[in-house]
file entry.pdb (PDB, C-alpha atoms)
ATOM      1  CA  MET R   1     -81.184 -20.686  17.207
ATOM      2  CA  VAL R   2     -80.312 -24.182  15.985
ATOM      3  CA  THR R   3     -82.904 -26.941  16.155
ATOM      4  CA  VAL R   4     -81.451 -30.294  17.228
ATOM      5  CA  THR R   5     -83.504 -33.448  16.965
ATOM      6  CA  GLY R   6     -81.205 -35.776  18.882
ATOM      7  CA  GLY R   7     -82.615 -38.711  16.933
ATOM      8  CA  SER R   8     -79.423 -39.385  15.046
ATOM      9  CA  ASN R   9     -76.811 -41.861  16.170
ATOM     10  CA  LYS R  10     -74.284 -40.415  13.755
ATOM     11  CA  ARG R  11     -70.947 -39.200  15.034
ATOM     12  CA  VAL R  12     -67.448 -38.308  13.965
ATOM     13  CA  SER R  13     -64.692 -40.211  15.761
ATOM     14  CA  LEU R  14     -61.042 -39.276  15.570
ATOM     15  CA  ALA R  15     -57.774 -41.070  16.225
ATOM     16  CA  ALA R  16     -54.410 -39.362  16.068
ATOM     17  CA  LEU R  17     -50.795 -39.605  17.019
ATOM     18  CA  ILE R  18     -47.967 -37.132  17.320
ATOM     19  CA  ALA R  19     -44.832 -38.604  15.819
ATOM     20  CA  ILE R  20     -41.308 -37.384  16.405
ATOM     21  CA  LYS R  21     -38.015 -38.378  14.840
ATOM     22  CA  PRO R  22     -34.620 -37.176  16.043
ATOM     23  CA  GLY R  23     -33.745 -33.925  14.307
ATOM     24  CA  GLY R  24     -37.163 -33.612  12.698
ATOM     25  CA  ALA R  25     -40.272 -31.602  13.388
ATOM     26  CA  PRO R  26     -43.155 -33.371  15.123
ATOM     27  CA  ARG R  27     -45.930 -34.614  12.886
ATOM     28  CA  LEU R  28     -49.618 -35.035  13.510
ATOM     29  CA  ILE R  29     -51.090 -38.077  11.785
ATOM     30  CA  TYR R  30     -54.823 -38.648  12.132
ATOM     31  CA  ARG R  31     -57.773 -40.578  10.807
ATOM     32  CA  VAL R  32     -61.461 -39.678  10.837
ATOM     33  CA  HIS R  33     -64.233 -42.238  11.189
ATOM     34  CA  ARG R  34     -67.845 -41.343  10.476
ATOM     35  CA  SER R  35     -70.308 -43.810  11.921
ATOM     36  CA  ARG R  36     -73.513 -44.284  10.033
ATOM     37  CA  ARG R  37     -76.726 -45.521  11.526
ATOM     38  CA  GLY R  38     -77.299 -49.213  10.943
ATOM     39  CA  LYS R  39     -73.894 -49.928   9.379
ATOM     40  CA  ASP R  40     -71.611 -49.735  12.401
ATOM     41  CA  LYS R  41     -72.349 -51.473  15.652
ATOM     42  CA  ARG R  42     -69.412 -49.709  17.277
ATOM     43  CA  LYS R  43     -69.525 -45.986  16.766
ATOM     44  CA  GLY R  44     -65.875 -45.250  17.435
ATOM     45  CA  PHE R  45     -62.580 -46.656  16.269
ATOM     46  CA  THR R  46     -62.115 -50.389  16.367
ATOM     47  CA  GLU R  47     -58.886 -52.324  16.709
ATOM     48  CA  THR R  48     -58.727 -52.574  12.921
ATOM     49  CA  GLY R  49     -59.115 -48.801  12.609
ATOM     50  CA  TYR R  50     -56.178 -48.231  14.939
ATOM     51  CA  ALA R  51     -54.126 -50.810  13.039
ATOM     52  CA  HIS R  52     -54.816 -48.888   9.812
ATOM     53  CA  LEU R  53     -53.662 -45.677  11.518
ATOM     54  CA  PHE R  54     -50.416 -47.357  12.612
ATOM     55  CA  ASP R  55     -49.864 -48.845   9.151
ATOM     56  CA  ALA R  56     -50.310 -45.396   7.571
ATOM     57  CA  ALA R  57     -47.957 -43.789  10.114
ATOM     58  CA  HIS R  58     -45.374 -46.502   9.518
ATOM     59  CA  GLN R  59     -45.549 -45.844   5.775
ATOM     60  CA  GLN R  60     -45.385 -42.055   6.145
ATOM     61  CA  LEU R  61     -42.527 -42.111   8.649
ATOM     62  CA  ALA R  62     -40.586 -44.927   6.947
ATOM     63  CA  GLY R  63     -39.442 -46.396  10.231
ATOM     64  CA  PRO R  64     -40.421 -48.296  13.353
ATOM     65  CA  LEU R  65     -43.048 -46.875  15.706
ATOM     66  CA  VAL R  66     -43.041 -46.719  19.479
ATOM     67  CA  VAL R  67     -46.569 -45.933  20.590
ATOM     68  CA  VAL R  68     -47.415 -44.634  24.038
ATOM     69  CA  TRP R  69     -51.134 -44.615  24.704
ATOM     70  CA  ASP R  70     -53.828 -44.835  27.342
ATOM     71  CA  ASN R  71     -55.694 -47.850  28.684
ATOM     72  CA  SER R  72     -58.845 -47.639  26.598
ATOM     73  CA  SER R  73     -60.538 -51.032  26.341
ATOM     74  CA  THR R  74     -59.923 -51.026  22.580
ATOM     75  CA  HIS R  75     -56.203 -50.378  23.159
ATOM     76  CA  THR R  76     -55.817 -53.250  25.618
ATOM     77  CA  SER R  77     -58.085 -55.857  24.034
ATOM     78  CA  ALA R  78     -56.908 -59.289  22.943
ATOM     79  CA  ALA R  79     -57.693 -58.364  19.334
ATOM     80  CA  MET R  80     -55.456 -55.271  19.567
ATOM     81  CA  THR R  81     -52.681 -57.307  21.190
ATOM     82  CA  GLY R  82     -52.872 -59.732  18.263
ATOM     83  CA  LEU R  83     -52.724 -56.913  15.701
ATOM     84  CA  ILE R  84     -49.716 -55.386  17.468
ATOM     85  CA  GLU R  85     -47.874 -58.712  17.562
ATOM     86  CA  THR R  86     -48.133 -59.059  13.771
ATOM     87  CA  ARG R  87     -46.276 -55.764  13.259
ATOM     88  CA  GLN R  88     -42.578 -56.260  13.989
ATOM     89  CA  TRP R  89     -41.957 -52.524  13.587
ATOM     90  CA  LEU R  90     -44.464 -51.573  16.312
ATOM     91  CA  THR R  91     -43.746 -51.345  20.056
ATOM     92  CA  VAL R  92     -46.494 -50.255  22.435
ATOM     93  CA  TYR R  93     -46.279 -48.900  25.988
ATOM     94  CA  GLN R  94     -49.334 -48.220  28.116
ATOM     95  CA  LEU R  95     -49.656 -45.028  30.126
ATOM     96  CA  PRO R  96     -50.650 -45.411  33.783
ATOM     97  CA  PRO R  97     -54.415 -45.344  34.375
ATOM     98  CA  TYR R  98     -55.938 -41.861  34.699
ATOM     99  CA  ALA R  99     -52.813 -40.139  33.356
ATOM    100  CA  HIS R 100     -54.332 -37.999  30.614
ATOM    101  CA  GLU R 101     -51.812 -35.249  31.371
ATOM    102  CA  LEU R 102     -49.078 -37.531  29.985
ATOM    103  CA  ASN R 103     -50.851 -37.947  26.652
ATOM    104  CA  PRO R 104     -50.009 -35.119  24.203
ATOM    105  CA  VAL R 105     -52.881 -36.065  21.915
ATOM    106  CA  GLU R 106     -55.323 -35.085  24.677
ATOM    107  CA  LEU R 107     -54.061 -31.541  24.098
ATOM    108  CA  VAL R 108     -54.752 -31.914  20.370
ATOM    109  CA  TRP R 109     -58.364 -32.813  21.208
ATOM    110  CA  SER R 110     -58.656 -29.925  23.672
ATOM    111  CA  HIS R 111     -57.268 -27.452  21.135
ATOM    112  CA  LEU R 112     -59.585 -28.812  18.432
ATOM    113  CA  LYS R 113     -62.656 -28.614  20.663
ATOM    114  CA  ARG R 114     -61.870 -25.020  21.648
ATOM    115  CA  SER R 115     -61.601 -24.100  17.961
ATOM    116  CA  LEU R 116     -65.047 -25.611  17.326
ATOM    117  CA  ALA R 117     -66.782 -23.916  20.256
ATOM    118  CA  ASN R 118     -69.900 -21.940  19.383
ATOM    119  CA  LEU R 119     -69.940 -23.217  15.818
ATOM    120  CA  ALA R 120     -72.951 -24.941  14.351
ATOM    121  CA  LYS R 121     -72.868 -27.107  11.251
ATOM    122  CA  GLY R 122     -75.926 -28.302   9.401
ATOM    123  CA  ASN R 123     -74.925 -31.918   8.968
ATOM    124  CA  LEU R 124     -72.282 -34.517   9.680
ATOM    125  CA  ALA R 125     -70.463 -33.951   6.379
ATOM    126  CA  GLN R 126     -69.986 -30.242   7.166
ATOM    127  CA  LEU R 127     -68.736 -31.025  10.669
ATOM    128  CA  THR R 128     -66.337 -33.661   9.314
ATOM    129  CA  ALA R 129     -64.943 -31.228   6.749
ATOM    130  CA  LEU R 130     -64.417 -28.575   9.421
ATOM    131  CA  VAL R 131     -62.692 -31.034  11.778
ATOM    132  CA  LYS R 132     -60.355 -32.153   8.989
ATOM    133  CA  THR R 133     -59.539 -28.534   8.140
ATOM    134  CA  ARG R 134     -58.696 -27.718  11.767
ATOM    135  CA  LEU R 135     -56.534 -30.831  12.147
ATOM    136  CA  ARG R 136     -54.759 -30.052   8.865
ATOM    137  CA  ARG R 137     -53.956 -26.579  10.207
ATOM    138  CA  MET R 138     -52.420 -28.154  13.310
ATOM    139  CA  GLN R 139     -50.292 -30.408  11.097
ATOM    140  CA  TYR R 140     -48.533 -27.334   9.719
ATOM    141  CA  ARG R 141     -47.778 -25.858  13.143
ATOM    142  CA  PRO R 142     -44.823 -27.851  14.518
ATOM    143  CA  GLY R 143     -44.359 -25.292  17.310
ATOM    144  CA  LEU R 144     -47.859 -26.080  18.555
ATOM    145  CA  LEU R 145     -47.154 -29.823  18.438
ATOM    146  CA  ASP R 146     -43.826 -29.269  20.246
ATOM    147  CA  GLY R 147     -45.777 -27.444  22.946
ATOM    148  CA  PHE R 148     -48.182 -30.350  23.328
ATOM    149  CA  LEU R 149     -45.237 -32.743  23.724
ATOM    150  CA  ALA R 150     -43.353 -30.459  26.130
ATOM    151  CA  SER R 151     -46.385 -29.981  28.370
ATOM    152  CA  THR R 152     -46.412 -33.710  29.187
ATOM    153  CA  ARG R 153     -42.908 -33.409  30.667
ATOM    154  CA  LEU R 154     -42.143 -36.891  29.353
ATOM    155  CA  ASP R 155     -38.469 -37.669  28.831
ATOM    156  CA  LEU R 156     -38.314 -38.647  25.170
ATOM    157  CA  THR R 157     -34.521 -39.113  25.020
ATOM    158  CA  PRO R 158     -34.656 -42.932  25.357
ATOM    159  CA  PHE R 159     -36.303 -42.958  21.935
ATOM    160  CA  SER R 160     -33.556 -40.964  20.239
ATOM    161  CA  ASN R 161     -32.845 -43.782  17.761
ATOM    162  CA  ARG R 162     -36.483 -44.577  16.991
ATOM    163  CA  SER R 163     -39.712 -42.862  16.035
ATOM    164  CA  LEU R 164     -42.112 -42.080  18.831
ATOM    165  CA  ALA R 165     -45.818 -41.937  18.210
ATOM    166  CA  GLY R 166     -47.983 -40.838  21.110
ATOM    167  CA  TYR R 167     -51.650 -41.589  21.259
TER
END
call {"tool": "encode", "arguments": {"input": "entry.pdb", "output": "structure tokens"}}
result
Amino acid sequence: MVTVTGGSNKRVSLAALIAIKPGGAPRLIYRVHRSRRGKDKRKGFTETGYAHLFDAAHQQLAGPLVVVWDNSSTHTSAAMTGLIETRQWLTVYQLPPYAHELNPVELVWSHLKRSLANLAKGNLAQLTALVKTRLRRMQYRPGLLDGFLASTRLDLTPFSNRSLAGY
């Protein structure tokens, strides 16, 4: 039995993308954000957090990014539009509304959640460490990432000369 107080506003938020390059294995690039009571008004990722993720992916992949993502309010905000416009190497396409089946990162989250089922951690630091470990394991399984991409049935051939990052 695990006692839960429910009085904490702490949470772990994740942002990730699956990046592909022609002739290369897919890569999972992610960032973890731990909100702390009183410090963060917004508990999840902000526009700046996503911009940092894109900057890191751009550095790691050494090339331009084409990002395909959903219509979250943070993704479509004026602040995010401004951050995107300042990055010449970044092109963004929005998925249609309610099209989670086209987003391969949704499968990353589903796989991660299944791996965490029935596990109890004592505090936020332990949960964060476990989440990072599970995501790191996924990073080293390109076949799994290929499966996530294939299940969307998206035609990725138009991006054969560019990187594709799906969020």
call {"tool": "resolve_selection", "arguments": {"input": "entry.pdb", "expression": "the PyMOL selection byres ((chain R and resi 83) around 12)", "output": "PDB file with C-alpha atoms, in the coordinates of the input"}}
result
ATOM      1  CA  THR R  46     -62.115 -50.389  16.367  1.00  0.00           C
ATOM      2  CA  GLU R  47     -58.886 -52.324  16.709  1.00  0.00           C
ATOM      3  CA  THR R  48     -58.727 -52.574  12.921  1.00  0.00           C
ATOM      4  CA  GLY R  49     -59.115 -48.801  12.609  1.00  0.00           C
ATOM      5  CA  TYR R  50     -56.178 -48.231  14.939  1.00  0.00           C
ATOM      6  CA  ALA R  51     -54.126 -50.810  13.039  1.00  0.00           C
ATOM      7  CA  HIS R  52     -54.816 -48.888   9.812  1.00  0.00           C
ATOM      8  CA  PHE R  54     -50.416 -47.357  12.612  1.00  0.00           C
ATOM      9  CA  ASP R  55     -49.864 -48.845   9.151  1.00  0.00           C
ATOM     10  CA  THR R  74     -59.923 -51.026  22.580  1.00  0.00           C
ATOM     11  CA  HIS R  75     -56.203 -50.378  23.159  1.00  0.00           C
ATOM     12  CA  THR R  76     -55.817 -53.250  25.618  1.00  0.00           C
ATOM     13  CA  SER R  77     -58.085 -55.857  24.034  1.00  0.00           C
ATOM     14  CA  ALA R  78     -56.908 -59.289  22.943  1.00  0.00           C
ATOM     15  CA  ALA R  79     -57.693 -58.364  19.334  1.00  0.00           C
ATOM     16  CA  MET R  80     -55.456 -55.271  19.567  1.00  0.00           C
ATOM     17  CA  THR R  81     -52.681 -57.307  21.190  1.00  0.00           C
ATOM     18  CA  GLY R  82     -52.872 -59.732  18.263  1.00  0.00           C
ATOM     19  CA  ILE R  84     -49.716 -55.386  17.468  1.00  0.00           C
ATOM     20  CA  GLU R  85     -47.874 -58.712  17.562  1.00  0.00           C
ATOM     21  CA  THR R  86     -48.133 -59.059  13.771  1.00  0.00           C
ATOM     22  CA  ARG R  87     -46.276 -55.764  13.259  1.00  0.00           C
ATOM     23  CA  GLN R  88     -42.578 -56.260  13.989  1.00  0.00           C
ATOM     24  CA  TRP R  89     -41.957 -52.524  13.587  1.00  0.00           C
ATOM     25  CA  LEU R  90     -44.464 -51.573  16.312  1.00  0.00           C
ATOM     26  CA  THR R  91     -43.746 -51.345  20.056  1.00  0.00           C
ATOM     27  CA  VAL R  92     -46.494 -50.255  22.435  1.00  0.00           C
TER      28      VAL R  92
END
call {"tool": "atom_distance", "arguments": {"input": "entry.pdb", "atom1": "atom CA of Lys121 of chain R", "atom2": "atom CA of Ile18 of chain R"}}
result
27.5 Å
call {"tool": "closest_residue", "arguments": {"input": "entry.pdb", "among": "R:Lys43, R:Val67, R:Ala117, R:Leu53", "to": "Leu95 of chain R", "atoms": "only C-alpha atoms"}}
result
R:Val67
call {"tool": "resolve_selection", "arguments": {"input": "entry.pdb", "expression": "the PyMOL selection byres ((chain R and resi 102) around 9)", "output": "list in words"}}
result
Leu95, Pro96, Ala99, His100, Glu101, Asn103, Pro104, Glu106, Leu149, Ser151, Thr152, Arg153 and Leu154 of chain R
call {"tool": "residues_around", "arguments": {"input": "entry.pdb", "residues": "Arg134 of chain R", "least_positions_apart": "4", "cutoff": "7 Å", "atoms": "all atoms listed in the file", "output": "list in words"}}
result
Leu112, Leu130 and Met138 of chain R
call {"tool": "residues_around", "arguments": {"input": "entry.pdb", "residues": "Leu119 of chain R", "least_positions_apart": "3", "cutoff": "12 Å", "atoms": "only C-alpha atoms", "output": "count of residues only"}}
result
11
call {"tool": "atom_distance", "arguments": {"input": "entry.pdb", "atom1": "atom CA of Leu124 of chain R", "atom2": "atom CA of Leu144 of chain R"}}
result
27.3 Å
call {"tool": "residues_around", "arguments": {"input": "entry.pdb", "residues": "His33 of chain R", "least_positions_apart": "6", "cutoff": "7 Å", "atoms": "only C-alpha atoms", "output": "PyMOL selection string"}}
result
chain R and resi 12-14+45
call {"tool": "closest_residue", "arguments": {"input": "entry.pdb", "among": "R:Ala15, R:Ile20, R:Ala125, R:Ala120", "to": "Leu145 of chain R", "atoms": "all atoms listed in the file"}}
result
R:Ile20
call {"tool": "atom_distance", "arguments": {"input": "entry.pdb", "atom1": "atom CA of Arg34 of chain R", "atom2": "atom CA of Trp109 of chain R"}}
result
16.7 Å
call {"tool": "axis_aligned_box", "arguments": {"input": "entry.pdb", "around": "segment 121-133 of chain R", "padding_each_side": "5 Å", "output": "lines of an AutoDock Vina configuration file"}}
result
center_x = -67.7
center_y = -30.8
center_z = 9.1
size_x = 26.4
size_y = 17.4
size_z = 15.4
call {"tool": "residues_around", "arguments": {"input": "entry.pdb", "residues": "Pro142 of chain R", "least_positions_apart": "5", "cutoff": "8 Å", "atoms": "all atoms listed in the file", "output": "ChimeraX atom specification"}}
result
/R:25-27
call {"tool": "closest_residue", "arguments": {"input": "entry.pdb", "among": "R:Gly44, R:Leu107, R:Ala150, R:Gln94", "to": "Val68 of chain R", "atoms": "only C-alpha atoms"}}
result
R:Gln94
call {"tool": "residues_around", "arguments": {"input": "entry.pdb", "residues": "Tyr30 of chain R", "least_positions_apart": "2", "cutoff": "7 Å", "atoms": "all atoms listed in the file", "output": "list in words"}}
result
Ala15, Ala16, Leu17, Leu28 and Val32 of chain R
call {"tool": "build_atoms", "arguments": {"input": "entry.pdb", "residues": "segment 40-65 of chain R", "atoms": "N, CA, C and O atoms", "output": "PDB file, in the frame of the given file"}}
result
ATOM      1  N   ASP R  40     -72.635 -49.483  11.411  1.00  0.00           N
ATOM      2  CA  ASP R  40     -71.611 -49.735  12.401  1.00  0.00           C
ATOM      3  C   ASP R  40     -72.241 -50.045  13.743  1.00  0.00           C
ATOM      4  O   ASP R  40     -73.019 -49.265  14.254  1.00  0.00           O
ATOM      5  N   LYS R  41     -71.879 -51.180  14.310  1.00  0.00           N
ATOM      6  CA  LYS R  41     -72.349 -51.473  15.652  1.00  0.00           C
ATOM      7  C   LYS R  41     -71.555 -50.660  16.665  1.00  0.00           C
ATOM      8  O   LYS R  41     -72.097 -50.172  17.622  1.00  0.00           O
ATOM      9  N   ARG R  42     -70.244 -50.545  16.415  1.00  0.00           N
ATOM     10  CA  ARG R  42     -69.412 -49.709  17.277  1.00  0.00           C
ATOM     11  C   ARG R  42     -69.259 -48.358  16.608  1.00  0.00           C
ATOM     12  O   ARG R  42     -68.886 -48.259  15.453  1.00  0.00           O
ATOM     13  N   LYS R  43     -69.526 -47.315  17.349  1.00  0.00           N
ATOM     14  CA  LYS R  43     -69.525 -45.986  16.766  1.00  0.00           C
ATOM     15  C   LYS R  43     -68.125 -45.416  16.612  1.00  0.00           C
ATOM     16  O   LYS R  43     -67.884 -44.594  15.755  1.00  0.00           O
ATOM     17  N   GLY R  44     -67.221 -45.808  17.471  1.00  0.00           N
ATOM     18  CA  GLY R  44     -65.875 -45.250  17.435  1.00  0.00           C
ATOM     19  C   GLY R  44     -64.904 -46.141  16.679  1.00  0.00           C
ATOM     20  O   GLY R  44     -65.293 -47.024  15.923  1.00  0.00           O
ATOM     21  N   PHE R  45     -63.631 -45.883  16.919  1.00  0.00           N
ATOM     22  CA  PHE R  45     -62.580 -46.656  16.269  1.00  0.00           C
ATOM     23  C   PHE R  45     -62.518 -48.061  16.843  1.00  0.00           C
ATOM     24  O   PHE R  45     -62.646 -48.254  18.047  1.00  0.00           O
ATOM     25  N   THR R  46     -62.308 -49.004  15.961  1.00  0.00           N
ATOM     26  CA  THR R  46     -62.115 -50.389  16.367  1.00  0.00           C
ATOM     27  C   THR R  46     -60.620 -50.707  16.330  1.00  0.00           C
ATOM     28  O   THR R  46     -59.814 -49.885  15.893  1.00  0.00           O
ATOM     29  N   GLU R  47     -60.279 -51.892  16.757  1.00  0.00           N
ATOM     30  CA  GLU R  47     -58.886 -52.324  16.709  1.00  0.00           C
ATOM     31  C   GLU R  47     -58.345 -52.240  15.285  1.00  0.00           C
ATOM     32  O   GLU R  47     -57.214 -51.802  15.062  1.00  0.00           O
ATOM     33  N   THR R  48     -59.147 -52.626  14.324  1.00  0.00           N
ATOM     34  CA  THR R  48     -58.727 -52.574  12.921  1.00  0.00           C
ATOM     35  C   THR R  48     -58.482 -51.129  12.482  1.00  0.00           C
ATOM     36  O   THR R  48     -57.530 -50.857  11.758  1.00  0.00           O
ATOM     37  N   GLY R  49     -59.307 -50.216  12.933  1.00  0.00           N
ATOM     38  CA  GLY R  49     -59.115 -48.801  12.609  1.00  0.00           C
ATOM     39  C   GLY R  49     -57.801 -48.271  13.142  1.00  0.00           C
ATOM     40  O   GLY R  49     -57.076 -47.543  12.451  1.00  0.00           O
ATOM     41  N   TYR R  50     -57.467 -48.643  14.375  1.00  0.00           N
ATOM     42  CA  TYR R  50     -56.178 -48.231  14.939  1.00  0.00           C
ATOM     43  C   TYR R  50     -55.021 -48.877  14.181  1.00  0.00           C
ATOM     44  O   TYR R  50     -53.995 -48.240  13.938  1.00  0.00           O
ATOM     45  N   ALA R  51     -55.180 -50.131  13.806  1.00  0.00           N
ATOM     46  CA  ALA R  51     -54.126 -50.810  13.039  1.00  0.00           C
ATOM     47  C   ALA R  51     -53.889 -50.098  11.709  1.00  0.00           C
ATOM     48  O   ALA R  51     -52.746 -49.916  11.283  1.00  0.00           O
ATOM     49  N   HIS R  52     -54.962 -49.644  11.064  1.00  0.00           N
ATOM     50  CA  HIS R  52     -54.816 -48.888   9.812  1.00  0.00           C
ATOM     51  C   HIS R  52     -54.079 -47.566  10.051  1.00  0.00           C
ATOM     52  O   HIS R  52     -53.270 -47.151   9.224  1.00  0.00           O
ATOM     53  N   LEU R  53     -54.365 -46.909  11.179  1.00  0.00           N
ATOM     54  CA  LEU R  53     -53.662 -45.677  11.518  1.00  0.00           C
ATOM     55  C   LEU R  53     -52.168 -45.956  11.695  1.00  0.00           C
ATOM     56  O   LEU R  53     -51.323 -45.227  11.170  1.00  0.00           O
ATOM     57  N   PHE R  54     -51.831 -47.020  12.407  1.00  0.00           N
ATOM     58  CA  PHE R  54     -50.416 -47.357  12.612  1.00  0.00           C
ATOM     59  C   PHE R  54     -49.735 -47.728  11.300  1.00  0.00           C
ATOM     60  O   PHE R  54     -48.588 -47.353  11.063  1.00  0.00           O
ATOM     61  N   ASP R  55     -50.438 -48.476  10.457  1.00  0.00           N
ATOM     62  CA  ASP R  55     -49.864 -48.845   9.151  1.00  0.00           C
ATOM     63  C   ASP R  55     -49.575 -47.588   8.323  1.00  0.00           C
ATOM     64  O   ASP R  55     -48.516 -47.480   7.698  1.00  0.00           O
ATOM     65  N   ALA R  56     -50.505 -46.640   8.326  1.00  0.00           N
ATOM     66  CA  ALA R  56     -50.310 -45.396   7.571  1.00  0.00           C
ATOM     67  C   ALA R  56     -49.146 -44.596   8.154  1.00  0.00           C
ATOM     68  O   ALA R  56     -48.311 -44.063   7.405  1.00  0.00           O
ATOM     69  N   ALA R  57     -49.061 -44.516   9.481  1.00  0.00           N
ATOM     70  CA  ALA R  57     -47.957 -43.789  10.114  1.00  0.00           C
ATOM     71  C   ALA R  57     -46.628 -44.458   9.798  1.00  0.00           C
ATOM     72  O   ALA R  57     -45.635 -43.778   9.506  1.00  0.00           O
ATOM     73  N   HIS R  58     -46.608 -45.761   9.840  1.00  0.00           N
ATOM     74  CA  HIS R  58     -45.374 -46.502   9.518  1.00  0.00           C
ATOM     75  C   HIS R  58     -44.930 -46.206   8.086  1.00  0.00           C
ATOM     76  O   HIS R  58     -43.752 -45.974   7.828  1.00  0.00           O
ATOM     77  N   GLN R  59     -45.868 -46.164   7.171  1.00  0.00           N
ATOM     78  CA  GLN R  59     -45.549 -45.844   5.775  1.00  0.00           C
ATOM     79  C   GLN R  59     -45.058 -44.406   5.633  1.00  0.00           C
ATOM     80  O   GLN R  59     -44.075 -44.141   4.961  1.00  0.00           O
ATOM     81  N   GLN R  60     -45.755 -43.469   6.262  1.00  0.00           N
ATOM     82  CA  GLN R  60     -45.385 -42.055   6.145  1.00  0.00           C
ATOM     83  C   GLN R  60     -44.042 -41.755   6.784  1.00  0.00           C
ATOM     84  O   GLN R  60     -43.266 -40.948   6.270  1.00  0.00           O
ATOM     85  N   LEU R  61     -43.752 -42.398   7.911  1.00  0.00           N
ATOM     86  CA  LEU R  61     -42.527 -42.111   8.649  1.00  0.00           C
ATOM     87  C   LEU R  61     -41.348 -42.965   8.204  1.00  0.00           C
ATOM     88  O   LEU R  61     -40.211 -42.676   8.553  1.00  0.00           O
ATOM     89  N   ALA R  62     -41.634 -44.028   7.473  1.00  0.00           N
ATOM     90  CA  ALA R  62     -40.586 -44.927   6.947  1.00  0.00           C
ATOM     91  C   ALA R  62     -39.658 -45.419   8.055  1.00  0.00           C
ATOM     92  O   ALA R  62     -38.440 -45.389   7.922  1.00  0.00           O
ATOM     93  N   GLY R  63     -40.256 -45.872   9.146  1.00  0.00           N
ATOM     94  CA  GLY R  63     -39.442 -46.396  10.231  1.00  0.00           C
ATOM     95  C   GLY R  63     -40.308 -47.063  11.275  1.00  0.00           C
ATOM     96  O   GLY R  63     -41.540 -47.067  11.184  1.00  0.00           O
ATOM     97  N   PRO R  64     -39.662 -47.634  12.285  1.00  0.00           N
ATOM     98  CA  PRO R  64     -40.421 -48.296  13.353  1.00  0.00           C
ATOM     99  C   PRO R  64     -41.186 -47.278  14.186  1.00  0.00           C
ATOM    100  O   PRO R  64     -40.849 -46.094  14.212  1.00  0.00           O
ATOM    101  N   LEU R  65     -42.233 -47.737  14.842  1.00  0.00           N
ATOM    102  CA  LEU R  65     -43.048 -46.875  15.706  1.00  0.00           C
ATOM    103  C   LEU R  65     -42.974 -47.378  17.137  1.00  0.00           C
ATOM    104  O   LEU R  65     -43.043 -48.585  17.377  1.00  0.00           O
TER     105      LEU R  65
END
